[in-house]
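I have placed the structure first, in the form of structure tokens, so that the comments after it can refer back to it.
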Amino acid sequence: MMKRRTIRSWAVVPALAGMLILSACGSGAAPAAIVLPSSNGQPAADGSGGYMLPDCTGVDPANCVYDGFDPAVNGFSFANWAAVGTVDATSLVALFGEEAVCAETTAEGCILFPAAEQWAAQVNEAMMGGRCEGMAVMAQRLFSNAASLIDLDPEAPSTFALSKDDTDVIDAIDFWWTTQMFVPVQEAYMAFHEYEPSEVAKELASGIASGKNYTLAIYSDKGSGHSITPFAVVFNGTTYAISVYDNNYPGTVQQIVVDPETERWSYAAGATTPGAPTDGWSGGKSTIDLTPMAARAVPTSAPFTDSETKGTVSARGKFSNLLVTSADPDTRVGVTITIDGKSYDTTDPSTVFPAGVVARPLLGAGLSGNGTSVIVDRDLVPEFDADGVARSRDTDETRDDADYTMSIDSDGAPRVTVRTSTGPREDDRATFRADNEGRVEVAPPPGREGDVNMANGYNNFNAPVPDGGSFNVGPNNRRGEAPIDFSDGSGRQGPGFNIPRENPSGGVIDRRAQFDPQTGEIIVRERPGRPEQVNGAQVDQFRAMAGPGPEGGPNPGTNGGPNAGTQGPGGPAQPGGGGAGGPGPDPNSTPGGGAPAGGGSGGGGGGAPAGPAPDSGPTAPAGGGSGGGSGGGAPAGPAPDSGGGSGGGGGTGPAPAPAPAGGGGGGGTGPAPGPAPAEGGAGPAPA
């Protein structure tokens, strides 16, 4: 039960202070189907349409790689859909660990930190844009045996047999959807934005050949994104055909065609919403990327914790995380950021952001999106304004009446969330105004009201903000208290109050305030935080699906080029250098590339982003890619050639220059007694 206190005028001050995510782009013509090197290809198992499955039998592996994925067996039988998500305390504990999300753990369950609760609410809201990311990831993990069908449905013979009515299936899809918020995932796909489309295709082919798994994202000319599952790359001498499972088209093989001459990709299938047709779309550099599955290891750091970096890229400085979402299925939302008087609209794909700003649409329903994530490096961008912007899915026109939620989470300050609606700007007041002292002013658009949440440690403070009103939220002082100022709709200024991180009771307190402009009273109701049950068995299931974390972090190599060295199955190399070799392949595993016995070799150092020779380092002062990790261990059993893989060699520098221009060091050798298989090769530098 909430306790009620009525405080006249601004007497609230000492009381609180003490307690306290496409339409067609391009010509619209469908690209010609790629002629495969073999005529033995078969349609997907259900024969319901789409392209043929590739057949690489007898074909040079340099021109045809296929890992055996069949969308009518290994994909879901149901299409991508939009609905509120199911992320709860159980999901959060599995994703980030109990200590990061549970302020208290009682016999009745986990009492979430207010910031964790607010983050989960926004994530669930964003899934009104669809679940393509979760479906793409989950299908890939089930195919690669990183997740088990038995955990979802012991009677299902394949992924295609799973039911959308099964809550375990839905919870797992929603769980993996959230991993697009992970910092290692963000780092991985951001690295590919420097690649030309043909380099992405080559990297994918190399990865498939060595047993790695990815999701592939494409971005529309309207600023939205879609996630699909790639499983084959075929080069016919002119173009690359990437075969994909698109969860908007169950049971069919779809293709992305990449033209190295123009460095453009095209996609003839697709939909702006699940089940709706389109004329096709295309893109170029920075509109197609890969995310290696190894980047999705859990648990990981949370973007809403009270730690110094709040789960941001690393402790390299101060960051602000902006997240805008909407529960309106007819709207896609983004952010307009204003820096030094210049505005940047995240819903406009032609926008070139300044250094220190990275934006990406949340991947939901085929190129529609119900949210956008933005990271701002406050060392490079100390001050900025941010406004929510909404566009109609049907017309792409801006909307002045769309409901949305926008939050800002900055180092050393409360997480601030506002729920309001878009409106025409008649003044220069932004929804969020972040200054160089760490303060954030939050105000609804003119003519609109809003609800503001300020989550600081164990304290949750909710209050309405009237038209013309605002809250000014400061960073935490040395005592962990955030100073708050309030201005009502008439411009009346309050003396302010503090929201501390901790409470004398040691528990979570949820406070809701209401200001009565007629009586001058502020009514504050408060109650203790409510526990949520955590399903320990489901946490274990999620963790088992996630598998072990990547060795050496998500990006073991340094300064690698687009064609980093290959490795054995399961190895965690990311773009930018080789990782450790994977373990020897399971003899019962699905078809795929990789060493026939023994661990895969460590990846070689990445080449320079440009240069005349393979495995060459860039010119001074930047070094070449670092060498690969150690080779994988020998497989179980007395199989021949059971030695571990050798370490990948380092990239060599281009000339007898001083040390900075040299390549990285070589990786260590595998531990097995047998002779090591061939070294991990270093990828060539792009032409």
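Chain identifiers are assigned as A, B, and so on, following the order in which chains appear in the structure tokens; residues are numbered from 1 within each chain, and ligands are numbered from 1 in order of appearance.
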
Expected answer as an MDAnalysis selection string: strand (DSSP E or B) residues in stretch 134-294 of chain A | chainID A and resid 214:219 225:235 240:245 253:259 264:267 281:283 288:292

Residues of the last selection are to be written out with N, CA and C atoms, as a compact mmCIF listing (two decimals), in the first residue's frame.
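Result written to out_24.txt:
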```txt
# COMPACT_ATOMS: atom_id res chain seq x y z
N TYR A 214 26.68 -16.05 -37.75
CA TYR A 214 26.43 -14.61 -37.70
C TYR A 214 24.92 -14.34 -37.81
N THR A 215 24.55 -13.13 -37.44
CA THR A 215 23.33 -12.52 -37.95
C THR A 215 23.77 -11.41 -38.90
N LEU A 216 22.91 -11.10 -39.85
CA LEU A 216 23.21 -10.07 -40.85
C LEU A 216 22.12 -9.01 -40.77
N ALA A 217 22.53 -7.75 -40.73
CA ALA A 217 21.57 -6.64 -40.67
C ALA A 217 21.68 -5.80 -41.93
N ILE A 218 20.53 -5.38 -42.44
CA ILE A 218 20.48 -4.45 -43.56
C ILE A 218 19.64 -3.26 -43.15
N TYR A 219 19.95 -2.11 -43.75
CA TYR A 219 19.31 -0.86 -43.35
C TYR A 219 18.69 -0.18 -44.57
N GLY A 225 16.03 -0.80 -39.75
CA GLY A 225 16.90 -1.95 -39.96
C GLY A 225 16.17 -3.27 -39.79
N HIS A 226 16.74 -4.32 -40.37
CA HIS A 226 16.14 -5.66 -40.32
C HIS A 226 17.26 -6.67 -40.13
N SER A 227 17.01 -7.68 -39.31
CA SER A 227 18.00 -8.71 -39.00
C SER A 227 17.57 -10.04 -39.59
N ILE A 228 18.49 -10.72 -40.28
CA ILE A 228 18.22 -11.99 -40.93
C ILE A 228 19.38 -12.94 -40.66
N THR A 229 19.20 -14.22 -41.05
CA THR A 229 20.19 -15.26 -40.76
C THR A 229 20.87 -15.70 -42.05
N PRO A 230 22.16 -15.39 -42.24
CA PRO A 230 22.86 -15.81 -43.47
C PRO A 230 23.41 -17.22 -43.32
N PHE A 231 23.42 -17.98 -44.41
CA PHE A 231 23.95 -19.34 -44.30
C PHE A 231 24.74 -19.80 -45.52
N ALA A 232 24.85 -19.00 -46.56
CA ALA A 232 25.63 -19.40 -47.73
C ALA A 232 26.07 -18.17 -48.51
N VAL A 233 27.23 -18.29 -49.17
CA VAL A 233 27.72 -17.24 -50.07
C VAL A 233 28.21 -17.93 -51.35
N VAL A 234 27.69 -17.48 -52.49
CA VAL A 234 28.09 -18.03 -53.78
C VAL A 234 28.59 -16.89 -54.66
N PHE A 235 29.80 -17.06 -55.23
CA PHE A 235 30.36 -16.06 -56.14
C PHE A 235 30.37 -16.66 -57.54
N TYR A 240 28.16 -11.61 -55.77
CA TYR A 240 27.99 -12.51 -54.65
C TYR A 240 26.50 -12.66 -54.36
N ALA A 241 26.06 -13.89 -54.12
CA ALA A 241 24.70 -14.15 -53.67
C ALA A 241 24.76 -14.68 -52.24
N ILE A 242 24.19 -13.95 -51.31
CA ILE A 242 24.15 -14.37 -49.91
C ILE A 242 22.77 -14.97 -49.65
N SER A 243 22.72 -16.26 -49.39
CA SER A 243 21.45 -16.91 -49.07
C SER A 243 21.12 -16.67 -47.60
N VAL A 244 19.87 -16.30 -47.33
CA VAL A 244 19.47 -15.94 -45.98
C VAL A 244 18.11 -16.54 -45.63
N TYR A 245 17.93 -16.74 -44.34
CA TYR A 245 16.60 -17.02 -43.78
C TYR A 245 16.06 -15.69 -43.27
N VAL A 253 13.97 -19.61 -48.93
CA VAL A 253 15.33 -19.10 -49.08
C VAL A 253 15.25 -17.75 -49.77
N GLN A 254 15.84 -16.74 -49.19
CA GLN A 254 15.91 -15.42 -49.81
C GLN A 254 17.38 -15.11 -50.12
N GLN A 255 17.61 -14.12 -50.96
CA GLN A 255 18.98 -13.79 -51.36
C GLN A 255 19.24 -12.30 -51.36
N ILE A 256 20.41 -11.96 -50.88
CA ILE A 256 20.96 -10.61 -51.03
C ILE A 256 22.06 -10.70 -52.07
N VAL A 257 22.00 -9.85 -53.07
CA VAL A 257 22.99 -9.86 -54.16
C VAL A 257 23.92 -8.67 -53.98
N VAL A 258 25.22 -8.94 -54.01
CA VAL A 258 26.23 -7.90 -53.83
C VAL A 258 27.05 -7.77 -55.11
N ASP A 259 27.14 -6.56 -55.62
CA ASP A 259 27.90 -6.27 -56.83
C ASP A 259 29.21 -5.58 -56.44
N ARG A 264 27.30 -2.13 -54.26
CA ARG A 264 25.90 -2.01 -53.86
C ARG A 264 25.35 -3.41 -53.61
N TRP A 265 24.43 -3.50 -52.67
CA TRP A 265 23.70 -4.74 -52.45
C TRP A 265 22.22 -4.50 -52.76
N SER A 266 21.51 -5.57 -53.12
CA SER A 266 20.08 -5.46 -53.39
C SER A 266 19.37 -6.68 -52.83
N TYR A 267 18.12 -6.46 -52.45
CA TYR A 267 17.31 -7.51 -51.82
C TYR A 267 15.91 -7.43 -52.42
N TRP A 281 14.78 -3.47 -52.18
CA TRP A 281 15.57 -2.32 -51.76
C TRP A 281 17.05 -2.61 -51.93
N SER A 282 17.86 -1.59 -51.72
CA SER A 282 19.29 -1.75 -51.93
C SER A 282 20.04 -0.79 -51.02
N GLY A 283 21.36 -0.92 -51.02
CA GLY A 283 22.17 -0.05 -50.19
C GLY A 283 23.64 -0.19 -50.54
N ILE A 288 24.96 -2.47 -44.48
CA ILE A 288 24.92 -3.92 -44.32
C ILE A 288 26.04 -4.30 -43.36
N ASP A 289 25.72 -5.11 -42.36
CA ASP A 289 26.75 -5.48 -41.39
C ASP A 289 26.50 -6.88 -40.84
N LEU A 290 27.50 -7.39 -40.14
CA LEU A 290 27.45 -8.71 -39.52
C LEU A 290 27.65 -8.57 -38.02
N THR A 291 27.05 -9.49 -37.28
CA THR A 291 27.33 -9.61 -35.85
C THR A 291 27.70 -11.06 -35.56
N PRO A 292 28.95 -11.34 -35.21
CA PRO A 292 29.34 -12.71 -34.86
C PRO A 292 28.61 -13.15 -33.60
```

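For A:Asn472, the non-local neighbours within 8 Å, defined as residues at least 4 positions apart in the same chain or in other chains and counting only C-alpha atoms, are Arg439, Val440, Glu441, Val442, Ile484, Asp485 and Phe486 of chain A.
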
Selection above as a file: N, CA and C atoms, as a PDB file, in the first residue's frame:
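selection.pdb written:
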```pdb
ATOM      1  N   ARG A 439      24.328  17.952 -16.155  1.00  0.00           N
ATOM      2  CA  ARG A 439      22.916  18.156 -15.860  1.00  0.00           C
ATOM      3  C   ARG A 439      22.071  17.891 -17.105  1.00  0.00           C
ATOM      4  N   VAL A 440      20.833  17.459 -16.875  1.00  0.00           N
ATOM      5  CA  VAL A 440      19.886  17.210 -17.960  1.00  0.00           C
ATOM      6  C   VAL A 440      18.571  17.888 -17.617  1.00  0.00           C
ATOM      7  N   GLU A 441      18.129  18.781 -18.502  1.00  0.00           N
ATOM      8  CA  GLU A 441      16.801  19.364 -18.368  1.00  0.00           C
ATOM      9  C   GLU A 441      15.846  18.563 -19.236  1.00  0.00           C
ATOM     10  N   VAL A 442      14.722  18.152 -18.667  1.00  0.00           N
ATOM     11  CA  VAL A 442      13.747  17.360 -19.400  1.00  0.00           C
ATOM     12  C   VAL A 442      12.421  18.105 -19.418  1.00  0.00           C
ATOM     13  N   ILE A 484      17.644  18.107  -7.854  1.00  0.00           N
ATOM     14  CA  ILE A 484      16.538  18.230  -8.800  1.00  0.00           C
ATOM     15  C   ILE A 484      15.886  19.597  -8.647  1.00  0.00           C
ATOM     16  N   ASP A 485      15.682  20.295  -9.755  1.00  0.00           N
ATOM     17  CA  ASP A 485      14.907  21.541  -9.779  1.00  0.00           C
ATOM     18  C   ASP A 485      13.664  21.314 -10.626  1.00  0.00           C
ATOM     19  N   PHE A 486      12.578  22.018 -10.253  1.00  0.00           N
ATOM     20  CA  PHE A 486      11.315  21.864 -10.969  1.00  0.00           C
ATOM     21  C   PHE A 486      10.729  23.219 -11.291  1.00  0.00           C
TER      22      PHE A 486
END
```

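Take atom CA of A:Asn74 and atom CA of A:Leu142: the distance between them is 7.6 Å.
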
Counting only C-alpha atoms, the residue of A:Val508, A:Thr431, A:Ala126, A:Gly68 that sits nearest A:Thr331 | A:Ala126
